[in-house]
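Chemist: Sharing final.pdb, PDB, C-alpha atoms and all ligand atoms:
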ATOM      1  CA  MET U 135    -100.134  15.980 -37.257
ATOM      2  CA  ARG U 136    -103.119  16.913 -35.088
ATOM      3  CA  SER U 137    -102.365  17.770 -31.490
ATOM      4  CA  PRO U 138    -103.976  15.489 -28.890
ATOM      5  CA  PRO U 139    -107.180  16.710 -27.214
ATOM      6  CA  PRO U 140    -106.605  18.844 -24.052
ATOM      7  CA  ASP U 141    -107.733  15.980 -21.772
ATOM      8  CA  ALA U 142    -105.025  13.623 -23.076
ATOM      9  CA  ARG U 143    -102.389  16.396 -22.759
ATOM     10  CA  GLU U 144    -103.507  16.953 -19.167
ATOM     11  CA  GLN U 145    -103.103  13.218 -18.430
ATOM     12  CA  ARG U 146     -99.558  13.141 -19.860
ATOM     13  CA  ARG U 147     -98.331  16.114 -17.738
ATOM     14  CA  PRO U 148     -97.021  14.915 -14.338
ATOM     15  CA  SER U 149     -99.221  15.986 -11.437
ATOM     16  CA  ALA U 150     -98.029  18.811  -9.158
ATOM     17  CA  ARG U 151     -97.455  16.267  -6.394
ATOM     18  CA  ARG U 152     -95.221  14.163  -8.672
ATOM     19  CA  ARG U 153     -93.247  17.221  -9.750
ATOM     20  CA  VAL U 154     -92.676  18.280  -6.125
ATOM     21  CA  GLY U 155     -91.653  14.698  -5.278
ATOM     22  CA  ALA U 156     -89.199  14.604  -8.209
ATOM     23  CA  LEU U 157     -87.713  17.981  -7.199
ATOM     24  CA  ALA U 158     -87.353  16.842  -3.567
ATOM     25  CA  GLY U 159     -85.634  13.628  -4.725
ATOM     26  CA  ALA U 160     -83.251  15.603  -6.956
ATOM     27  CA  LEU U 161     -82.458  17.986  -4.060
ATOM     28  CA  VAL U 162     -81.664  15.033  -1.789
ATOM     29  CA  HIS U 163     -79.386  13.618  -4.495
ATOM     30  CA  ALA U 164     -77.620  17.000  -4.833
ATOM     31  CA  CYS U 165     -76.875  17.507  -1.123
ATOM     32  CA  HIS U 166     -74.074  14.877  -0.885
ATOM     33  CA  PRO U 167     -76.470  12.582   1.016
ATOM     34  CA  GLU U 168     -73.897  10.095   2.367
ATOM     35  CA  PRO U 169     -71.500  12.595   4.040
ATOM     36  CA  THR U 170     -74.486  14.713   5.153
ATOM     37  CA  ALA U 171     -76.031  11.684   6.892
ATOM     38  CA  ALA U 172     -72.673  10.495   8.267
ATOM     39  CA  VAL U 173     -71.629  13.852   9.806
ATOM     40  CA  THR U 174     -75.147  14.453  11.206
ATOM     41  CA  ALA U 175     -75.146  10.952  12.736
ATOM     42  CA  LEU U 176     -71.662  11.558  14.227
ATOM     43  CA  GLY U 177     -72.666  14.904  15.784
ATOM     44  CA  THR U 178     -75.914  13.434  17.144
ATOM     45  CA  ALA U 179     -74.207  10.321  18.559
ATOM     46  CA  LEU U 180     -71.556  12.509  20.235
ATOM     47  CA  ALA U 181     -74.293  14.650  21.787
ATOM     48  CA  VAL U 182     -76.039  11.539  23.172
ATOM     49  CA  SER U 183     -72.843   9.985  24.501
ATOM     50  CA  ALA U 184     -71.625  13.275  26.035
ATOM     51  CA  GLY U 185     -74.879  13.430  28.020
ATOM     52  CA  ARG U 186     -76.693  16.320  26.332
ATOM     53  CA  PRO U 187     -80.414  16.187  27.300
ATOM     54  CA  ALA U 188     -83.006  15.229  24.641
ATOM     55  CA  GLY U 189     -83.678  18.863  23.602
ATOM     56  CA  GLY U 190     -79.954  19.515  23.262
ATOM     57  CA  VAL U 191     -79.477  16.361  21.180
ATOM     58  CA  LEU U 192     -82.287  17.468  18.845
ATOM     59  CA  GLY U 193     -80.742  20.945  18.589
ATOM     60  CA  VAL U 194     -77.333  19.470  17.687
ATOM     61  CA  ALA U 195     -78.890  17.098  15.133
ATOM     62  CA  LEU U 196     -80.834  19.877  13.366
ATOM     63  CA  ALA U 197     -77.924  22.349  13.450
ATOM     64  CA  VAL U 198     -75.497  19.812  11.980
ATOM     65  CA  LEU U 199     -78.057  18.644   9.401
ATOM     66  CA  THR U 200     -78.830  22.164   8.129
ATOM     67  CA  GLY U 201     -75.115  23.055   8.121
ATOM     68  CA  GLN U 202     -74.288  19.954   6.069
ATOM     69  CA  LEU U 203     -77.179  20.590   3.664
ATOM     70  CA  SER U 204     -75.940  24.139   3.051
ATOM     71  CA  VAL U 205     -72.388  22.857   2.452
ATOM     72  CA  GLY U 206     -73.473  20.012   0.145
ATOM     73  CA  TRP U 207     -75.844  22.125  -1.977
ATOM     74  CA  SER U 208     -73.441  25.068  -2.280
ATOM     75  CA  ASN U 209     -70.682  22.652  -3.348
ATOM     76  CA  ASP U 210     -72.731  21.192  -6.204
ATOM     77  CA  TYR U 211     -74.015  24.640  -7.215
ATOM     78  CA  LEU U 212     -70.516  26.167  -7.349
ATOM     79  CA  ASP U 213     -69.005  23.116  -9.113
ATOM     80  CA  ARG U 214     -71.776  22.709 -11.717
ATOM     81  CA  GLU U 215     -69.769  23.890 -14.747
ATOM     82  CA  ARG U 216     -66.730  21.805 -13.809
ATOM     83  CA  ASP U 217     -68.913  18.761 -13.138
ATOM     84  CA  ARG U 218     -70.620  19.222 -16.536
ATOM     85  CA  LEU U 219     -67.232  19.358 -18.301
ATOM     86  CA  ALA U 220     -66.139  16.211 -16.449
ATOM     87  CA  ASN U 221     -69.417  14.431 -17.406
ATOM     88  CA  ARG U 222     -70.096  13.631 -13.748
ATOM     89  CA  ALA U 223     -73.244  11.490 -13.927
ATOM     90  CA  ASP U 224     -73.442  11.583 -10.087
ATOM     91  CA  LYS U 225     -73.900  15.395 -10.097
ATOM     92  CA  PRO U 226     -77.560  16.211 -10.858
ATOM     93  CA  VAL U 227     -77.138  20.014 -10.725
ATOM     94  CA  ALA U 228     -74.645  19.796 -13.612
ATOM     95  CA  GLY U 229     -77.459  18.224 -15.672
ATOM     96  CA  GLY U 230     -79.932  20.982 -14.735
ATOM     97  CA  VAL U 231     -82.175  18.915 -12.426
ATOM     98  CA  PRO U 232     -82.662  20.350  -9.857
ATOM     99  CA  PRO U 233     -82.304  23.801 -11.471
ATOM    100  CA  PRO U 234     -79.130  25.568 -10.198
ATOM    101  CA  ARG U 235     -81.141  28.552  -8.912
ATOM    102  CA  VAL U 236     -83.303  26.276  -6.740
ATOM    103  CA  VAL U 237     -80.166  24.639  -5.305
ATOM    104  CA  ALA U 238     -78.592  28.032  -4.555
ATOM    105  CA  VAL U 239     -81.742  29.170  -2.725
ATOM    106  CA  ALA U 240     -81.926  25.839  -0.833
ATOM    107  CA  ALA U 241     -78.281  26.266   0.280
ATOM    108  CA  LEU U 242     -78.953  29.795   1.577
ATOM    109  CA  VAL U 243     -82.189  28.774   3.351
ATOM    110  CA  ALA U 244     -80.373  25.859   5.042
ATOM    111  CA  LEU U 245     -77.541  28.223   6.059
ATOM    112  CA  ALA U 246     -80.025  30.743   7.495
ATOM    113  CA  ALA U 247     -81.756  27.981   9.495
ATOM    114  CA  CYS U 248     -78.387  26.725  10.762
ATOM    115  CA  VAL U 249     -77.647  30.038  12.557
ATOM    116  CA  PRO U 250     -80.430  29.984  15.228
ATOM    117  CA  LEU U 251     -80.228  26.188  15.471
ATOM    118  CA  SER U 252     -76.491  26.443  16.296
ATOM    119  CA  PHE U 253     -77.013  29.249  18.841
ATOM    120  CA  ALA U 254     -79.733  27.144  20.525
ATOM    121  CA  SER U 255     -76.763  25.319  22.148
ATOM    122  CA  GLY U 256     -75.434  28.624  23.572
ATOM    123  CA  TRP U 257     -73.264  31.322  21.985
ATOM    124  CA  ARG U 258     -69.938  29.565  22.534
ATOM    125  CA  ALA U 259     -71.140  26.327  20.950
ATOM    126  CA  GLY U 260     -72.986  28.273  18.245
ATOM    127  CA  CYS U 261     -69.828  30.172  17.270
ATOM    128  CA  ALA U 262     -67.849  26.906  17.135
ATOM    129  CA  HIS U 263     -70.370  25.250  14.803
ATOM    130  CA  LEU U 264     -70.853  28.275  12.567
ATOM    131  CA  ALA U 265     -67.047  28.591  12.254
ATOM    132  CA  ALA U 266     -66.979  24.940  11.084
ATOM    133  CA  VAL U 267     -69.703  25.629   8.509
ATOM    134  CA  ALA U 268     -67.903  28.796   7.321
ATOM    135  CA  LEU U 269     -64.698  26.761   6.872
ATOM    136  CA  ALA U 270     -66.591  24.210   4.771
ATOM    137  CA  TRP U 271     -68.000  27.045   2.600
ATOM    138  CA  SER U 272     -64.455  28.412   2.187
ATOM    139  CA  TYR U 273     -63.486  24.990   0.827
ATOM    140  CA  ASN U 274     -66.339  25.147  -1.687
ATOM    141  CA  LEU U 275     -65.577  28.758  -2.623
ATOM    142  CA  GLY U 276     -62.009  28.029  -3.689
ATOM    143  CA  LEU U 277     -59.717  26.461  -1.057
ATOM    144  CA  LYS U 278     -60.441  22.995  -2.529
ATOM    145  CA  ALA U 279     -58.282  23.904  -5.544
ATOM    146  CA  THR U 280     -55.238  24.985  -3.483
ATOM    147  CA  ALA U 281     -52.484  23.319  -1.450
ATOM    148  CA  LEU U 282     -54.502  24.311   1.661
ATOM    149  CA  SER U 283     -57.466  22.107   0.689
ATOM    150  CA  VAL U 284     -57.040  19.967   3.805
ATOM    151  CA  VAL U 285     -57.219  22.924   6.233
ATOM    152  CA  PRO U 286     -61.047  23.361   6.268
ATOM    153  CA  TYR U 287     -61.436  19.625   6.947
ATOM    154  CA  LEU U 288     -58.835  19.653   9.752
ATOM    155  CA  LEU U 289     -60.420  22.617  11.526
ATOM    156  CA  ALA U 290     -64.119  21.927  10.836
ATOM    157  CA  PHE U 291     -63.923  18.353  12.138
ATOM    158  CA  ALA U 292     -62.037  19.531  15.237
ATOM    159  CA  LEU U 293     -64.850  22.030  15.833
ATOM    160  CA  LEU U 294     -67.600  19.377  15.659
ATOM    161  CA  PRO U 295     -66.839  17.785  19.093
ATOM    162  CA  ALA U 296     -66.138  21.329  20.370
ATOM    163  CA  PHE U 297     -69.706  22.301  19.377
ATOM    164  CA  VAL U 298     -71.147  19.357  21.335
ATOM    165  CA  VAL U 299     -68.999  19.894  24.459
ATOM    166  CA  LEU U 300     -69.370  23.690  24.628
ATOM    167  CA  GLY U 301     -73.161  23.165  24.669
ATOM    168  CA  LEU U 302     -72.976  21.127  27.913
ATOM    169  CA  PRO U 303     -73.935  22.781  31.224
ATOM    170  CA  GLY U 304     -71.014  24.944  32.414
ATOM    171  CA  HIS U 305     -69.595  25.047  28.841
ATOM    172  CA  PRO U 306     -66.515  22.895  29.595
ATOM    173  CA  ALA U 307     -63.484  23.250  27.320
ATOM    174  CA  PRO U 308     -63.328  20.390  24.817
ATOM    175  CA  PRO U 309     -60.484  17.941  25.644
ATOM    176  CA  TRP U 310     -57.366  18.017  23.410
ATOM    177  CA  TRP U 311     -57.834  14.457  22.197
ATOM    178  CA  ALA U 312     -61.356  15.198  20.897
ATOM    179  CA  LEU U 313     -60.060  18.194  18.910
ATOM    180  CA  ALA U 314     -57.026  16.272  17.608
ATOM    181  CA  GLY U 315     -59.056  13.120  16.846
ATOM    182  CA  GLY U 316     -61.655  15.145  14.942
ATOM    183  CA  ALA U 317     -58.952  16.989  12.978
ATOM    184  CA  LEU U 318     -57.161  13.752  11.991
ATOM    185  CA  LEU U 319     -60.434  12.045  11.026
ATOM    186  CA  GLY U 320     -61.449  15.092   8.936
ATOM    187  CA  ALA U 321     -58.083  15.212   7.144
ATOM    188  CA  GLY U 322     -58.323  11.473   6.388
ATOM    189  CA  ALA U 323     -61.871  12.013   5.076
ATOM    190  CA  HIS U 324     -60.575  14.707   2.687
ATOM    191  CA  PHE U 325     -57.959  12.427   1.128
ATOM    192  CA  ALA U 326     -60.435   9.516   0.916
ATOM    193  CA  ASN U 327     -63.205  11.682  -0.608
ATOM    194  CA  VAL U 328     -60.976  13.173  -3.308
ATOM    195  CA  LEU U 329     -59.312   9.893  -4.382
ATOM    196  CA  PRO U 330     -62.061   8.653  -6.758
ATOM    197  CA  ASP U 331     -62.207  12.060  -8.554
ATOM    198  CA  LEU U 332     -58.474  12.752  -8.812
ATOM    199  CA  THR U 333     -58.203  12.409 -12.611
ATOM    200  CA  ASP U 334     -61.416  14.361 -13.393
ATOM    201  CA  ASP U 335     -60.365  17.114 -10.973
ATOM    202  CA  LEU U 336     -56.942  17.515 -12.594
ATOM    203  CA  ARG U 337     -58.581  17.801 -16.037
ATOM    204  CA  THR U 338     -60.804  20.618 -14.772
ATOM    205  CA  GLY U 339     -58.058  22.547 -12.990
ATOM    206  CA  VAL U 340     -58.571  21.457  -9.353
ATOM    207  CA  HIS U 341     -55.162  21.106  -7.691
ATOM    208  CA  GLY U 342     -55.857  20.451  -4.028
ATOM    209  CA  LEU U 343     -53.318  18.861  -1.670
ATOM    210  CA  PRO U 344     -54.250  15.238  -2.618
ATOM    211  CA  HIS U 345     -53.839  16.092  -6.331
ATOM    212  CA  ARG U 346     -50.388  17.534  -5.650
ATOM    213  CA  LEU U 347     -49.321  14.459  -3.637
ATOM    214  CA  GLY U 348     -50.662  11.980  -6.227
ATOM    215  CA  GLN U 349     -52.797   8.811  -5.960
ATOM    216  CA  ARG U 350     -50.389   6.569  -4.085
ATOM    217  CA  ARG U 351     -49.235   9.041  -1.441
ATOM    218  CA  SER U 352     -52.802  10.298  -0.931
ATOM    219  CA  ARG U 353     -54.050   6.743  -0.354
ATOM    220  CA  GLY U 354     -51.299   6.244   2.212
ATOM    221  CA  ALA U 355     -52.039   9.606   3.853
ATOM    222  CA  ALA U 356     -55.762   8.766   4.158
ATOM    223  CA  ALA U 357     -55.057   5.419   5.846
ATOM    224  CA  VAL U 358     -52.386   6.787   8.202
ATOM    225  CA  LEU U 359     -54.513   9.814   9.208
ATOM    226  CA  VAL U 360     -57.572   7.735  10.149
ATOM    227  CA  LEU U 361     -55.312   5.313  12.059
ATOM    228  CA  ALA U 362     -53.741   8.248  13.938
ATOM    229  CA  ALA U 363     -57.282   9.381  14.806
ATOM    230  CA  SER U 364     -58.004   5.903  16.248
ATOM    231  CA  ALA U 365     -54.876   6.088  18.424
ATOM    232  CA  VAL U 366     -55.639   9.583  19.721
ATOM    233  CA  VAL U 367     -59.305   8.844  20.529
ATOM    234  CA  ALA U 368     -58.563   5.404  22.067
ATOM    235  CA  LEU U 369     -55.626   6.517  24.213
ATOM    236  CA  GLY U 370     -56.293  10.262  24.714
ATOM    237  CA  PRO U 371     -58.883   9.969  27.516
ATOM    238  CA  GLY U 372     -56.345   7.827  29.543
ATOM    239  CA  ARG U 373     -56.501   4.237  30.889
ATOM    240  CA  PRO U 374     -58.227   2.679  27.860
ATOM    241  CA  GLY U 375     -60.666  -0.160  28.551
ATOM    242  CA  PRO U 376     -60.821  -3.377  26.507
ATOM    243  CA  LEU U 377     -63.110  -1.844  23.837
ATOM    244  CA  PRO U 378     -60.817   1.062  22.794
ATOM    245  CA  VAL U 379     -57.807  -1.284  22.881
ATOM    246  CA  ALA U 380     -59.631  -3.791  20.631
ATOM    247  CA  GLY U 381     -60.747  -0.981  18.271
ATOM    248  CA  LEU U 382     -57.220   0.414  17.988
ATOM    249  CA  ALA U 383     -55.741  -3.078  17.444
ATOM    250  CA  LEU U 384     -58.299  -3.812  14.698
ATOM    251  CA  ALA U 385     -57.637  -0.442  13.015
ATOM    252  CA  THR U 386     -53.851  -1.096  13.077
ATOM    253  CA  VAL U 387     -54.210  -4.599  11.588
ATOM    254  CA  LEU U 388     -56.527  -3.265   8.864
ATOM    255  CA  VAL U 389     -54.194  -0.412   7.885
ATOM    256  CA  VAL U 390     -51.080  -2.634   7.828
ATOM    257  CA  ALA U 391     -52.935  -5.277   5.743
ATOM    258  CA  GLY U 392     -54.413  -2.586   3.448
ATOM    259  CA  ILE U 393     -51.026  -0.975   2.783
ATOM    260  CA  ALA U 394     -49.441  -4.404   2.147
ATOM    261  CA  ALA U 395     -52.259  -5.347  -0.272
ATOM    262  CA  ASP U 396     -51.876  -1.981  -1.986
ATOM    263  CA  ARG U 397     -48.332  -2.653  -3.261
ATOM    264  CA  GLY U 398     -48.635  -2.899  -7.024
ATOM    265  CA  GLY U 399     -52.434  -2.920  -6.833
ATOM    266  CA  LYS U 400     -54.966  -0.242  -7.787
ATOM    267  CA  GLY U 401     -55.458   0.945  -4.273
ATOM    268  CA  VAL U 402     -58.969  -0.424  -3.768
ATOM    269  CA  GLY U 403     -57.797  -2.277  -0.643
ATOM    270  CA  ALA U 404     -56.314   0.834   0.991
ATOM    271  CA  PHE U 405     -59.404   2.889   0.113
ATOM    272  CA  ARG U 406     -61.794   0.352   1.697
ATOM    273  CA  VAL U 407     -59.532   0.081   4.728
ATOM    274  CA  THR U 408     -59.680   3.879   5.165
ATOM    275  CA  ILE U 409     -63.489   3.797   5.185
ATOM    276  CA  ALA U 410     -63.535   0.849   7.645
ATOM    277  CA  VAL U 411     -61.055   2.563  10.001
ATOM    278  CA  ALA U 412     -63.008   5.843   9.791
ATOM    279  CA  LEU U 413     -66.050   3.881  11.039
ATOM    280  CA  ILE U 414     -63.930   2.473  13.899
ATOM    281  CA  ASP U 415     -62.917   6.086  14.728
ATOM    282  CA  VAL U 416     -66.574   7.076  14.945
ATOM    283  CA  ALA U 417     -67.316   4.114  17.270
ATOM    284  CA  LEU U 418     -64.293   5.029  19.447
ATOM    285  CA  PHE U 419     -65.458   8.652  19.604
ATOM    286  CA  VAL U 420     -68.951   7.651  20.683
ATOM    287  CA  ALA U 421     -67.573   5.152  23.239
ATOM    288  CA  ALA U 422     -65.402   7.956  24.707
ATOM    289  CA  GLY U 423     -68.411  10.293  24.966
ATOM    290  CA  ARG U 424     -68.445  10.363  28.782
ATOM    291  CA  SER U 425     -64.842  11.600  28.847
ATOM    292  CA  LEU U 426     -65.753  14.539  26.619
ATOM    293  CA  ALA U 427     -67.006  16.739  29.450
TER
HETATM  294  C1  LIG U 501     -68.421  19.861  10.705
HETATM  295  C2  LIG U 501     -68.401  20.325   9.316
HETATM  296  C3  LIG U 501     -69.146  21.556   8.979
HETATM  297  C4  LIG U 501     -67.675  19.623   8.405
HETATM  298  C5  LIG U 501     -67.581  19.910   6.929
HETATM  299  C6  LIG U 501     -66.127  20.039   6.462
HETATM  300  C7  LIG U 501     -65.955  20.194   4.972
HETATM  301  C8  LIG U 501     -64.726  20.910   4.493
HETATM  302  C9  LIG U 501     -66.855  19.699   4.112
HETATM  303  C10 LIG U 501     -66.811  19.774   2.612
HETATM  304  C11 LIG U 501     -67.822  18.766   2.134
HETATM  305  C12 LIG U 501     -67.994  18.678   0.645
HETATM  306  C13 LIG U 501     -69.161  19.327   0.056
HETATM  307  C14 LIG U 501     -67.134  17.965  -0.076
HETATM  308  C15 LIG U 501     -67.223  17.797  -1.544
HETATM  309  O1  LIG U 501     -65.932  17.929  -1.979
HETATM  310  P1  LIG U 501     -65.473  17.910  -3.486
HETATM  311  O2  LIG U 501     -66.065  19.033  -4.243
HETATM  312  O3  LIG U 501     -63.992  17.844  -3.408
HETATM  313  O4  LIG U 501     -66.006  16.513  -3.998
HETATM  314  P2  LIG U 501     -67.174  16.156  -5.004
HETATM  315  O5  LIG U 501     -66.571  16.363  -6.354
HETATM  316  O6  LIG U 501     -67.456  14.719  -4.703
HETATM  317  O7  LIG U 501     -68.329  17.062  -4.750
END
Show this structure as structure tokens.
Ligand SMILES: CC(C)=CCC/C(C)=C/CC/C(C)=C/COP(=O)(O)OP(=O)(O)O
Modeler:
Amino acid sequence: MRSPPPDAREQRRPSARRRVGALAGALVHACHPEPTAAVTALGTALAVSAGRPAGGVLGVALAVLTGQLSVGWSNDYLDRERDRLANRADKPVAGGVPPPRVVAVAALVALAACVPLSFASGWRAGCAHLAAVALAWSYNLGLKATALSVVPYLLAFALLPAFVVLGLPGHPAPPWWALAGGALLGAGAHFANVLPDLTDDLRTGVHGLPHRLGQRRSRGAAAVLVLAASAVVALGPGRPGPLPVAGLALATVLVVAGIAADRGGKGVGAFRVTIAVALIDVALFVAAGRSLA
């Protein structure tokens, strides 16, 4: 068969702009876009509600965004063989697009950018945020497959409000309830995030805490942890107004109804309830922003 003339070949090859666009899209897909957006939005909203000035809010947003990008990309890079064995269609790096080397470089560039962006809030705040990012990398590098898998989530999410508060003028100490609320929310997020992948993970040798506890107990743990976060953030600052009381009441009703609906079911109810209560936690956190300092 005769090869097509060079002009036709040229037309069939995607333009450089299209290739860059496709690579950028694949990189976005590989960064864990939903948690990256959610944690960046939480950090930014906390900075606004705690009263950080506009420059400080921008600094927090960019530091958290680059930290999350580095964590998301390194996770998919390090898990690529396991994800390929598990046929994870939602993991583009396992399929080779974007190329693993590009993702590894992107993760390191994001991590390098995160360092000055974190220290822009001051050295205390910078250390708190970089410790959170280091904990998340330790999860990716191996802790996720051990009984301690929940520890990076507990500590990193406690350090997120600490990052925001330590960047305020005078560097006040973060209040206990913000640290405890963040830790409980992070632990709940770990159980909720792992639940859909429990079977695939076990097949590929990942035995984190949720895998050891099993589906049912992990679902319960996720719901109870996010509810405990609601209680701590609603009541911790003292004398709760009508909004925190309403949020806590709604979270309690949802968890009780979710656990009741879960009996004998497949757990979809409890999983959705966990996500809904985690959103209530975020709203309660933002509403309590003024008490952070
Ligand atoms: C404030 C801050 C830095 C918080 C981050 C805390 C933390 C431990 C994040 C890990 C995020 C992550 C890439 C999870 C993927 O887990 P997975 O590999 O179990 O799930 P997957 O199979 O869906 O990728």
Chemist: Taking all atoms listed in the file into account, which residues have an atom no farther than 6 Å from ligand LIG 501 (chain U)? I'd like them as a short mmCIF file (atom, residue, chain, number, x, y, z; two decimals) with C-alpha atoms, in the frame of the given file.
Modeler:
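Once everything was written out, this is pocket_8.cif:
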data_model
loop_
_atom_site.label_atom_id
_atom_site.label_comp_id
_atom_site.auth_asym_id
_atom_site.auth_seq_id
_atom_site.Cartn_x
_atom_site.Cartn_y
_atom_site.Cartn_z
CA VAL U 205 -72.39 22.86 2.45
CA GLY U 206 -73.47 20.01 0.14
CA ASN U 209 -70.68 22.65 -3.35
CA ALA U 266 -66.98 24.94 11.08
CA VAL U 267 -69.70 25.63 8.51
CA ALA U 270 -66.59 24.21 4.77
CA TYR U 273 -63.49 24.99 0.83
CA PRO U 286 -61.05 23.36 6.27
CA TYR U 287 -61.44 19.62 6.95
CA ALA U 290 -64.12 21.93 10.84
CA PHE U 291 -63.92 18.35 12.14
CA LEU U 294 -67.60 19.38 15.66
CA VAL U 328 -60.98 13.17 -3.31
#
Chemist: With the file shown as input, list the residues that the PyMOL selection byres (((chain U and resi 389-392) around 8) and not hetatm) selects, as an MDAnalysis selection string.
Modeler: chainID U and resid 357:358 361 385:388 393:396 403:404 407:408 411
Chemist: So which residues touch U:Ser283 within 10 Å, counting all atoms listed in the file, skipping near sequence neighbours fewer than 3 positions away, as a list in words?
Modeler: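 The residues satisfying every condition are Ser272, Tyr273, Asn274, Gly276, Leu277, Lys278, Ala279, Thr280, Pro286, Tyr287, Leu288, Ala321, His324, Phe325, His341, Gly342, Leu343, Pro344 and His345 of chain U.
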Chemist: Of the candidates U:Leu300, U:Val367, U:Ala262, U:Val173, which shows the shortest atom-to-atom distance to U:Leu196, using only C-alpha atoms?
Modeler: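 Nearest to U:Leu196: U:Val173.
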Chemist: Applying 12 Å and all atoms listed in the file, which residues near stretch 233-236 of chain U remain after dropping the ones on its own chain fewer than 3 positions away? List them as a PDB file with C-alpha atoms, in the coordinates of the input.
Modeler:
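Ended up saving to out.pdb:
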ATOM      1  CA  ALA U 156     -89.199  14.604  -8.209  1.00  0.00           C
ATOM      2  CA  LEU U 157     -87.713  17.981  -7.199  1.00  0.00           C
ATOM      3  CA  ALA U 158     -87.353  16.842  -3.567  1.00  0.00           C
ATOM      4  CA  ALA U 160     -83.251  15.603  -6.956  1.00  0.00           C
ATOM      5  CA  LEU U 161     -82.458  17.986  -4.060  1.00  0.00           C
ATOM      6  CA  ALA U 164     -77.620  17.000  -4.833  1.00  0.00           C
ATOM      7  CA  TRP U 207     -75.844  22.125  -1.977  1.00  0.00           C
ATOM      8  CA  SER U 208     -73.441  25.068  -2.280  1.00  0.00           C
ATOM      9  CA  ASN U 209     -70.682  22.652  -3.348  1.00  0.00           C
ATOM     10  CA  ASP U 210     -72.731  21.192  -6.204  1.00  0.00           C
ATOM     11  CA  TYR U 211     -74.015  24.640  -7.215  1.00  0.00           C
ATOM     12  CA  LEU U 212     -70.516  26.167  -7.349  1.00  0.00           C
ATOM     13  CA  ASP U 213     -69.005  23.116  -9.113  1.00  0.00           C
ATOM     14  CA  ARG U 214     -71.776  22.709 -11.717  1.00  0.00           C
ATOM     15  CA  GLU U 215     -69.769  23.890 -14.747  1.00  0.00           C
ATOM     16  CA  LYS U 225     -73.900  15.395 -10.097  1.00  0.00           C
ATOM     17  CA  PRO U 226     -77.560  16.211 -10.858  1.00  0.00           C
ATOM     18  CA  VAL U 227     -77.138  20.014 -10.725  1.00  0.00           C
ATOM     19  CA  ALA U 228     -74.645  19.796 -13.612  1.00  0.00           C
ATOM     20  CA  GLY U 229     -77.459  18.224 -15.672  1.00  0.00           C
ATOM     21  CA  GLY U 230     -79.932  20.982 -14.735  1.00  0.00           C
ATOM     22  CA  VAL U 239     -81.742  29.170  -2.725  1.00  0.00           C
ATOM     23  CA  ALA U 240     -81.926  25.839  -0.833  1.00  0.00           C
ATOM     24  CA  ALA U 241     -78.281  26.266   0.280  1.00  0.00           C
ATOM     25  CA  LEU U 242     -78.953  29.795   1.577  1.00  0.00           C
ATOM     26  CA  VAL U 243     -82.189  28.774   3.351  1.00  0.00           C
TER      27      VAL U 243
END
Chemist: Measure the distance from atom CA of U:Ala244 to atom CA of U:Val416 in Å and round it to one decimal.
Modeler: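 Distance between the two atoms: 25.3 Å.
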Chemist: U:Cys248, U:His166, U:Leu336, U:Pro295: which is nearest U:Thr178, counting all atoms listed in the file?
Modeler: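 Smallest distance to U:Thr178 is found for U:Pro295.
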Chemist: Convert the output of the PyMOL selection byres (((chain U and resi 192) around 12) and not hetatm) on the shown file into explicit residues, formatted as a ChimeraX atom specification.
Modeler: /U:174-175,177-182,186-191,193-199,251-252,254-255,298
Chemist: Take the residues just selected and output them with C-alpha atoms as an mmCIF file, in the coordinates of the input.
Modeler:
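Saved file part.cif follows:
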data_model
loop_
_atom_site.group_PDB
_atom_site.id
_atom_site.type_symbol
_atom_site.label_atom_id
_atom_site.label_comp_id
_atom_site.auth_asym_id
_atom_site.auth_seq_id
_atom_site.Cartn_x
_atom_site.Cartn_y
_atom_site.Cartn_z
ATOM 1 C CA THR U 174 -75.147 14.453 11.206
ATOM 2 C CA ALA U 175 -75.146 10.952 12.736
ATOM 3 C CA GLY U 177 -72.666 14.904 15.784
ATOM 4 C CA THR U 178 -75.914 13.434 17.144
ATOM 5 C CA ALA U 179 -74.207 10.321 18.559
ATOM 6 C CA LEU U 180 -71.556 12.509 20.235
ATOM 7 C CA ALA U 181 -74.293 14.650 21.787
ATOM 8 C CA VAL U 182 -76.039 11.539 23.172
ATOM 9 C CA ARG U 186 -76.693 16.320 26.332
ATOM 10 C CA PRO U 187 -80.414 16.187 27.300
ATOM 11 C CA ALA U 188 -83.006 15.229 24.641
ATOM 12 C CA GLY U 189 -83.678 18.863 23.602
ATOM 13 C CA GLY U 190 -79.954 19.515 23.262
ATOM 14 C CA VAL U 191 -79.477 16.361 21.180
ATOM 15 C CA GLY U 193 -80.742 20.945 18.589
ATOM 16 C CA VAL U 194 -77.333 19.470 17.687
ATOM 17 C CA ALA U 195 -78.890 17.098 15.133
ATOM 18 C CA LEU U 196 -80.834 19.877 13.366
ATOM 19 C CA ALA U 197 -77.924 22.349 13.450
ATOM 20 C CA VAL U 198 -75.497 19.812 11.980
ATOM 21 C CA LEU U 199 -78.057 18.644 9.401
ATOM 22 C CA LEU U 251 -80.228 26.188 15.471
ATOM 23 C CA SER U 252 -76.491 26.443 16.296
ATOM 24 C CA ALA U 254 -79.733 27.144 20.525
ATOM 25 C CA SER U 255 -76.763 25.319 22.148
ATOM 26 C CA VAL U 298 -71.147 19.357 21.335
#
Chemist: Choose the residue, out of U:Ala314, U:Leu332, U:Ala247, U:Ala326, that has the smallest atom-to-atom separation from U:Ala355; count all atoms listed in the file.
Modeler: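 Smallest separation from U:Ala355 among the options: U:Ala326.
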Chemist: With 4 Å added on each side, what axis-aligned box encloses every listed atom of stretch 304-316 of chain U? Give the centre and edge lengths in Å to one decimal, as lines of an AutoDock Vina configuration file.
Modeler:
center_x = -64.0
center_y = 19.1
center_z = 23.7
size_x = 22.0
size_y = 19.9
size_z = 25.5
Chemist: To one decimal place in Å, what is the distance between atom CA of U:Arg373 and atom CA of U:Gly315?
Modeler: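 Calculated distance between atom CA of U:Arg373 and atom CA of U:Gly315 is 16.8 Å.
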